[in-house]
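Enquirer: Coordinates in protein-v3.pdb, PDB, C-alpha atoms, pLDDT in the B column, are listed below.
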ATOM      1  CA  MET B  15     -37.740  30.426 -22.498  1.00 48.00           C
ATOM      2  CA  LYS B  16     -37.884  26.679 -22.890  1.00 52.00           C
ATOM      3  CA  ILE B  17     -34.739  24.544 -22.388  1.00 52.00           C
ATOM      4  CA  LYS B  18     -34.512  21.756 -24.896  1.00 55.00           C
ATOM      5  CA  TRP B  19     -34.040  18.245 -23.499  1.00 50.00           C
ATOM      6  CA  PRO B  20     -31.182  17.285 -25.831  1.00 55.00           C
ATOM      7  CA  PHE B  21     -29.154  20.315 -24.705  1.00 51.00           C
ATOM      8  CA  PHE B  22     -29.887  19.639 -21.018  1.00 49.00           C
ATOM      9  CA  LEU B  23     -29.111  15.937 -21.358  1.00 46.00           C
ATOM     10  CA  GLY B  24     -25.878  16.630 -23.260  1.00 48.00           C
ATOM     11  CA  ALA B  25     -24.717  19.165 -20.676  1.00 48.00           C
ATOM     12  CA  SER B  26     -25.497  16.733 -17.831  1.00 50.00           C
ATOM     13  CA  VAL B  27     -23.569  13.892 -19.466  1.00 46.00           C
ATOM     14  CA  LEU B  28     -20.593  16.148 -20.166  1.00 42.00           C
ATOM     15  CA  LEU B  29     -20.533  17.465 -16.591  1.00 45.00           C
ATOM     16  CA  GLY B  30     -20.750  13.902 -15.246  1.00 49.00           C
ATOM     17  CA  ALA B  31     -17.871  12.754 -17.447  1.00 46.00           C
ATOM     18  CA  VAL B  32     -15.650  15.651 -16.381  1.00 45.00           C
ATOM     19  CA  SER B  33     -16.448  15.042 -12.690  1.00 47.00           C
ATOM     20  CA  THR B  34     -15.734  11.318 -12.994  1.00 48.00           C
ATOM     21  CA  THR B  35     -12.424  11.932 -14.771  1.00 49.00           C
ATOM     22  CA  ALA B  36     -11.342  14.443 -12.119  1.00 48.00           C
ATOM     23  CA  LEU B  37     -12.344  12.030  -9.340  1.00 45.00           C
ATOM     24  CA  HIS B  38     -10.374   9.143 -10.862  1.00 49.00           C
ATOM     25  CA  THR B  39      -7.316  11.365 -11.337  1.00 58.00           C
ATOM     26  CA  THR B  40      -7.463  12.411  -7.673  1.00 67.00           C
ATOM     27  CA  GLU B  41      -7.907   8.787  -6.516  1.00 69.00           C
ATOM     28  CA  LYS B  42      -4.948   7.641  -8.633  1.00 74.00           C
ATOM     29  CA  GLN B  43      -2.711  10.358  -7.157  1.00 75.00           C
ATOM     30  CA  GLN B  44      -3.803   9.498  -3.612  1.00 75.00           C
ATOM     31  CA  THR B  45      -3.051   5.812  -4.261  1.00 79.00           C
ATOM     32  CA  LYS B  46       0.396   6.689  -5.670  1.00 85.00           C
ATOM     33  CA  ASP B  47       1.135   8.824  -2.603  1.00 85.00           C
ATOM     34  CA  LEU B  48      -0.027   6.022  -0.313  1.00 90.00           C
ATOM     35  CA  ILE B  49       2.130   3.426  -2.067  1.00 93.00           C
ATOM     36  CA  ALA B  50       5.154   5.766  -1.974  1.00 93.00           C
ATOM     37  CA  ARG B  51       4.874   5.827   1.828  1.00 93.00           C
ATOM     38  CA  TYR B  52       5.812   2.124   1.981  1.00 96.00           C
ATOM     39  CA  VAL B  53       8.242   1.867  -0.943  1.00 96.00           C
ATOM     40  CA  GLY B  54      11.855   1.325   0.044  1.00 96.00           C
ATOM     41  CA  THR B  55      14.288  -1.119   1.571  1.00 97.00           C
ATOM     42  CA  TRP B  56      13.836  -1.758   5.262  1.00 96.00           C
ATOM     43  CA  THR B  57      15.703  -3.833   7.826  1.00 97.00           C
ATOM     44  CA  PHE B  58      14.362  -5.575  10.893  1.00 97.00           C
ATOM     45  CA  ALA B  59      15.896  -7.815  13.561  1.00 95.00           C
ATOM     46  CA  TYR B  60      14.124 -11.101  14.103  1.00 88.00           C
ATOM     47  CA  PRO B  61      14.360 -11.916  17.834  1.00 85.00           C
ATOM     48  CA  LYS B  62      13.666 -15.654  17.519  1.00 81.00           C
ATOM     49  CA  GLU B  63      16.579 -16.255  15.147  1.00 81.00           C
ATOM     50  CA  LYS B  64      18.649 -13.291  16.368  1.00 88.00           C
ATOM     51  CA  SER B  65      19.181 -12.311  12.745  1.00 92.00           C
ATOM     52  CA  THR B  66      18.684  -9.210  10.625  1.00 95.00           C
ATOM     53  CA  HIS B  67      16.559  -9.320   7.498  1.00 96.00           C
ATOM     54  CA  THR B  68      15.929  -6.976   4.580  1.00 96.00           C
ATOM     55  CA  LEU B  69      12.440  -6.184   3.322  1.00 96.00           C
ATOM     56  CA  THR B  70      12.074  -4.377  -0.008  1.00 97.00           C
ATOM     57  CA  ILE B  71       8.781  -2.951  -1.235  1.00 96.00           C
ATOM     58  CA  TYR B  72       8.749  -1.800  -4.859  1.00 96.00           C
ATOM     59  CA  PRO B  73       6.503   0.841  -6.507  1.00 95.00           C
ATOM     60  CA  ASP B  74       4.370  -1.926  -8.058  1.00 95.00           C
ATOM     61  CA  LEU B  75       3.932  -3.302  -4.491  1.00 95.00           C
ATOM     62  CA  SER B  76       5.962  -6.413  -5.192  1.00 96.00           C
ATOM     63  CA  ILE B  77       7.867  -7.485  -2.090  1.00 97.00           C
ATOM     64  CA  THR B  78      11.104  -9.322  -1.401  1.00 97.00           C
ATOM     65  CA  ILE B  79      12.500 -10.464   1.922  1.00 96.00           C
ATOM     66  CA  ASP B  80      16.216 -11.177   1.809  1.00 96.00           C
ATOM     67  CA  ASN B  81      15.983 -10.967  -2.006  1.00 96.00           C
ATOM     68  CA  LYS B  82      13.318 -13.706  -2.186  1.00 97.00           C
ATOM     69  CA  ALA B  83       9.986 -12.785  -3.749  1.00 97.00           C
ATOM     70  CA  VAL B  84       6.962 -12.897  -1.471  1.00 95.00           C
ATOM     71  CA  VAL B  85       3.751 -14.116  -3.076  1.00 96.00           C
ATOM     72  CA  TYR B  86       0.846 -12.488  -1.305  1.00 96.00           C
ATOM     73  CA  GLN B  87      -2.682 -11.170  -1.394  1.00 97.00           C
ATOM     74  CA  LEU B  88      -3.235  -7.533  -0.450  1.00 96.00           C
ATOM     75  CA  ILE B  89      -5.511  -7.211   2.567  1.00 96.00           C
ATOM     76  CA  GLU B  90      -5.294  -3.474   3.300  1.00 96.00           C
ATOM     77  CA  LEU B  91      -3.344  -0.459   2.127  1.00 95.00           C
ATOM     78  CA  SER B  92      -3.992   2.665   4.172  1.00 94.00           C
ATOM     79  CA  GLU B  93      -2.170   5.520   5.855  1.00 94.00           C
ATOM     80  CA  MET B  94      -1.967   3.441   9.030  1.00 96.00           C
ATOM     81  CA  LYS B  95      -1.039  -0.002   7.697  1.00 96.00           C
ATOM     82  CA  PHE B  96      -0.044  -2.185   4.790  1.00 97.00           C
ATOM     83  CA  ALA B  97      -1.451  -5.662   5.425  1.00 97.00           C
ATOM     84  CA  ILE B  98      -0.852  -8.746   3.307  1.00 97.00           C
ATOM     85  CA  GLN B  99      -1.545 -12.458   3.553  1.00 97.00           C
ATOM     86  CA  ASP B 100       1.268 -14.717   2.364  1.00 95.00           C
ATOM     87  CA  GLN B 101       0.868 -17.947   0.413  1.00 93.00           C
ATOM     88  CA  LEU B 102       0.762 -19.954   3.664  1.00 93.00           C
ATOM     89  CA  GLY B 103      -2.127 -17.867   4.989  1.00 95.00           C
ATOM     90  CA  TYR B 104      -0.182 -15.816   7.526  1.00 97.00           C
ATOM     91  CA  HIS B 105      -0.533 -12.060   7.796  1.00 97.00           C
ATOM     92  CA  LEU B 106       2.296  -9.585   7.619  1.00 97.00           C
ATOM     93  CA  LEU B 107       1.452  -6.080   8.834  1.00 97.00           C
ATOM     94  CA  ILE B 108       3.510  -2.954   8.387  1.00 97.00           C
ATOM     95  CA  GLN B 109       2.217  -0.228  10.687  1.00 97.00           C
ATOM     96  CA  THR B 110       3.085   3.449  10.613  1.00 96.00           C
ATOM     97  CA  GLU B 111       3.875   6.052  13.237  1.00 96.00           C
ATOM     98  CA  ASN B 112       3.882   9.744  12.332  1.00 92.00           C
ATOM     99  CA  GLY B 113       3.158   8.805   8.716  1.00 88.00           C
ATOM    100  CA  LEU B 114       6.187   6.516   8.280  1.00 91.00           C
ATOM    101  CA  PRO B 115       6.448   2.719   8.506  1.00 95.00           C
ATOM    102  CA  ALA B 116       7.660   1.863  12.001  1.00 97.00           C
ATOM    103  CA  THR B 117       6.924  -1.792  12.762  1.00 98.00           C
ATOM    104  CA  ILE B 118       6.344  -5.089  11.050  1.00 97.00           C
ATOM    105  CA  TYR B 119       4.152  -7.769  12.590  1.00 97.00           C
ATOM    106  CA  ASP B 120       4.624 -11.414  11.589  1.00 95.00           C
ATOM    107  CA  GLU B 121       1.569 -13.505  12.429  1.00 96.00           C
ATOM    108  CA  ALA B 122       3.434 -16.780  11.872  1.00 92.00           C
ATOM    109  CA  ASP B 123       5.513 -16.167  15.004  1.00 92.00           C
ATOM    110  CA  ASP B 124       3.250 -13.561  16.627  1.00 95.00           C
ATOM    111  CA  VAL B 125       6.050 -11.001  16.852  1.00 95.00           C
ATOM    112  CA  THR B 126       6.222  -7.261  16.190  1.00 96.00           C
ATOM    113  CA  MET B 127       9.598  -5.802  15.210  1.00 97.00           C
ATOM    114  CA  PRO B 128      10.728  -2.238  14.551  1.00 97.00           C
ATOM    115  CA  ILE B 129      11.804  -1.540  10.963  1.00 97.00           C
ATOM    116  CA  THR B 130      14.385   0.943   9.743  1.00 96.00           C
ATOM    117  CA  LEU B 131      14.564   2.521   6.300  1.00 95.00           C
ATOM    118  CA  VAL B 132      17.819   1.696   4.502  1.00 94.00           C
ATOM    119  CA  THR B 133      17.153   3.240   1.093  1.00 85.00           C
ATOM    120  CA  GLU B 134      14.267   4.803  -0.742  1.00 79.00           C
ATOM    121  CA  ILE B 135      13.332   3.413  -4.142  1.00 80.00           C
ATOM    122  CA  GLU B 136      12.391   5.927  -6.830  1.00 72.00           C
ATOM    123  CA  SER B 137       8.839   5.545  -8.106  1.00 59.00           C
TER     124      SER B 137
END
What is this structure when it is put down as structure tokens?

Expert:
Amino acid sequence: MKIKWPFFLGASVLLGAVSTTALHTTEKQQTKDLIARYVGTWTFAYPKEKSTHTLTIYPDLSITIDNKAVVYQLIELSEMKFAIQDQLGYHLLIQTENGLPATIYDEADDVTMPITLVTEIES
């Protein structure tokens, strides 16, 4: 029995489209889960100024520190860290321990501070 090329080609294209759609859906869900790990309002004590600050990360990954918007470029978003570069060129790194954000590193002052979750923000 001879398989016709149009049938074979059509089946291949359809299978490829279904696989690609499933892959993109999985990637989108993984990205949402990854973002949700960092979303919330966090506090940290800045040793240099001896002051406490509030960091809020929203589901769209916008960030505020003490209610002031932070303009940044995303460097890395992974299970281990959320790294950004601010408008002055300094890096801010949020690192996780046991799957939860635990510290924030500020390159401008070369200091790492523990962070504490205050409230979760609904996605």

Enquirer: Expand the PyMOL selection byres ((chain B and resi 72) around 9) into the explicit residue set it covers here, and present it as a list in words.

Expert: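 So the PyMOL selection byres ((chain B and resi 72) around 9), applied here, picks out Ile49, Ala50, Tyr52, Val53, Gly54, Thr55, Thr70, Ile71, Pro73, Asp74, Leu75, Ser76, Ile77, Thr78, Ile135, Glu136 and Ser137 of chain B.
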
Enquirer: Please indicate the distance in Å from atom CA of Thr68 of chain B to atom CA of Asn81 of chain B, rounded to one decimal place.

Expert: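 We find that atom CA of Thr68 of chain B and atom CA of Asn81 of chain B lie 7.7 Å from each other.
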
Enquirer: Counting all atoms listed in the file, which of B:Leu107, B:Ala116, B:Leu102, B:Met127 gets nearest to Leu88 of chain B?

Expert: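 Between B:Leu107, B:Ala116, B:Leu102, B:Met127, the residue approaching Leu88 of chain B most closely is B:Leu107.
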
Enquirer: Figure out the distance between atom CA of Gln44 of chain B and atom CA of Tyr119 of chain B, please, to one decimal in Å.

Expert: 25.0 Å

Enquirer: Go ahead and compute the interatomic distance for atom CA of Ile108 of chain B and atom CA of Lys64 of chain B, in Å to one decimal.

Expert: 20.0 Å

Enquirer: Please write the residues picked by the PyMOL selection byres ((chain B and resi 93) around 9) on this file as a JSON list (two decimals) with C-alpha atoms, in the coordinates of the input.

Expert:
[["chain", "number", "residue", "atom", "x", "y", "z"],
["B", 48, "LEU", "CA", -0.03, 6.02, -0.31],
["B", 51, "ARG", "CA", 4.87, 5.83, 1.83],
["B", 91, "LEU", "CA", -3.34, -0.46, 2.13],
["B", 92, "SER", "CA", -3.99, 2.66, 4.17],
["B", 94, "MET", "CA", -1.97, 3.44, 9.03],
["B", 95, "LYS", "CA", -1.04, 0.00, 7.70],
["B", 96, "PHE", "CA", -0.04, -2.18, 4.79],
["B", 109, "GLN", "CA", 2.22, -0.23, 10.69],
["B", 110, "THR", "CA", 3.08, 3.45, 10.61],
["B", 113, "GLY", "CA", 3.16, 8.80, 8.72],
["B", 114, "LEU", "CA", 6.19, 6.52, 8.28]]

Enquirer: Output segment 98-119 of chain B with N, CA and C atoms present, as a PDB file, in the coordinates of the input.

Expert:
ATOM      1  N   ILE B  98      -0.822  -7.724   4.350  1.00 97.00           N
ATOM      2  CA  ILE B  98      -0.852  -8.746   3.307  1.00 97.00           C
ATOM      3  C   ILE B  98      -1.050 -10.112   3.953  1.00 97.00           C
ATOM      4  N   GLN B  99      -1.450 -11.066   3.125  1.00 97.00           N
ATOM      5  CA  GLN B  99      -1.545 -12.458   3.553  1.00 97.00           C
ATOM      6  C   GLN B  99      -0.647 -13.262   2.623  1.00 97.00           C
ATOM      7  N   ASP B 100       0.327 -13.977   3.203  1.00 95.00           N
ATOM      8  CA  ASP B 100       1.268 -14.717   2.364  1.00 95.00           C
ATOM      9  C   ASP B 100       0.646 -16.009   1.852  1.00 95.00           C
ATOM     10  N   GLN B 101       1.405 -16.743   1.053  1.00 93.00           N
ATOM     11  CA  GLN B 101       0.868 -17.947   0.413  1.00 93.00           C
ATOM     12  C   GLN B 101       0.564 -19.062   1.408  1.00 93.00           C
ATOM     13  N   LEU B 102       1.074 -18.964   2.636  1.00 93.00           N
ATOM     14  CA  LEU B 102       0.762 -19.954   3.664  1.00 93.00           C
ATOM     15  C   LEU B 102      -0.433 -19.542   4.520  1.00 93.00           C
ATOM     16  N   GLY B 103      -0.959 -18.337   4.261  1.00 95.00           N
ATOM     17  CA  GLY B 103      -2.127 -17.867   4.989  1.00 95.00           C
ATOM     18  C   GLY B 103      -1.824 -16.966   6.171  1.00 95.00           C
ATOM     19  N   TYR B 104      -0.554 -16.686   6.414  1.00 97.00           N
ATOM     20  CA  TYR B 104      -0.182 -15.816   7.526  1.00 97.00           C
ATOM     21  C   TYR B 104      -0.192 -14.356   7.100  1.00 97.00           C
ATOM     22  N   HIS B 105      -0.506 -13.498   8.060  1.00 97.00           N
ATOM     23  CA  HIS B 105      -0.533 -12.060   7.796  1.00 97.00           C
ATOM     24  C   HIS B 105       0.792 -11.415   8.157  1.00 97.00           C
ATOM     25  N   LEU B 106       1.150 -10.441   7.362  1.00 97.00           N
ATOM     26  CA  LEU B 106       2.296  -9.585   7.619  1.00 97.00           C
ATOM     27  C   LEU B 106       1.733  -8.174   7.620  1.00 97.00           C
ATOM     28  N   LEU B 107       2.011  -7.414   8.671  1.00 97.00           N
ATOM     29  CA  LEU B 107       1.452  -6.080   8.834  1.00 97.00           C
ATOM     30  C   LEU B 107       2.566  -5.072   9.026  1.00 97.00           C
ATOM     31  N   ILE B 108       2.578  -4.056   8.188  1.00 97.00           N
ATOM     32  CA  ILE B 108       3.510  -2.954   8.387  1.00 97.00           C
ATOM     33  C   ILE B 108       2.662  -1.795   8.891  1.00 97.00           C
ATOM     34  N   GLN B 109       2.986  -1.311  10.091  1.00 97.00           N
ATOM     35  CA  GLN B 109       2.217  -0.228  10.687  1.00 97.00           C
ATOM     36  C   GLN B 109       3.061   1.036  10.746  1.00 97.00           C
ATOM     37  N   THR B 110       2.380   2.174  10.642  1.00 96.00           N
ATOM     38  CA  THR B 110       3.085   3.449  10.613  1.00 96.00           C
ATOM     39  C   THR B 110       2.962   4.191  11.943  1.00 96.00           C
ATOM     40  N   GLU B 111       3.919   5.084  12.146  1.00 96.00           N
ATOM     41  CA  GLU B 111       3.875   6.052  13.237  1.00 96.00           C
ATOM     42  C   GLU B 111       4.324   7.373  12.639  1.00 96.00           C
ATOM     43  N   ASN B 112       3.579   8.425  12.894  1.00 92.00           N
ATOM     44  CA  ASN B 112       3.882   9.744  12.332  1.00 92.00           C
ATOM     45  C   ASN B 112       4.001   9.710  10.803  1.00 92.00           C
ATOM     46  N   GLY B 113       3.193   8.863  10.163  1.00 88.00           N
ATOM     47  CA  GLY B 113       3.158   8.805   8.716  1.00 88.00           C
ATOM     48  C   GLY B 113       4.229   7.954   8.055  1.00 88.00           C
ATOM     49  N   LEU B 114       5.115   7.345   8.844  1.00 91.00           N
ATOM     50  CA  LEU B 114       6.187   6.516   8.280  1.00 91.00           C
ATOM     51  C   LEU B 114       6.118   5.100   8.839  1.00 91.00           C
ATOM     52  N   PRO B 115       6.433   4.089   8.001  1.00 95.00           N
ATOM     53  CA  PRO B 115       6.448   2.719   8.506  1.00 95.00           C
ATOM     54  C   PRO B 115       7.382   2.597   9.713  1.00 95.00           C
ATOM     55  N   ALA B 116       6.894   1.953  10.755  1.00 97.00           N
ATOM     56  CA  ALA B 116       7.660   1.863  12.001  1.00 97.00           C
ATOM     57  C   ALA B 116       7.838   0.436  12.491  1.00 97.00           C
ATOM     58  N   THR B 117       6.835  -0.416  12.273  1.00 98.00           N
ATOM     59  CA  THR B 117       6.924  -1.792  12.762  1.00 98.00           C
ATOM     60  C   THR B 117       6.406  -2.770  11.719  1.00 98.00           C
ATOM     61  N   ILE B 118       6.862  -3.999  11.872  1.00 97.00           N
ATOM     62  CA  ILE B 118       6.344  -5.089  11.050  1.00 97.00           C
ATOM     63  C   ILE B 118       5.900  -6.190  12.008  1.00 97.00           C
ATOM     64  N   TYR B 119       4.703  -6.694  11.775  1.00 97.00           N
ATOM     65  CA  TYR B 119       4.152  -7.769  12.590  1.00 97.00           C
ATOM     66  C   TYR B 119       4.094  -9.028  11.744  1.00 97.00           C
TER      67      TYR B 119
END
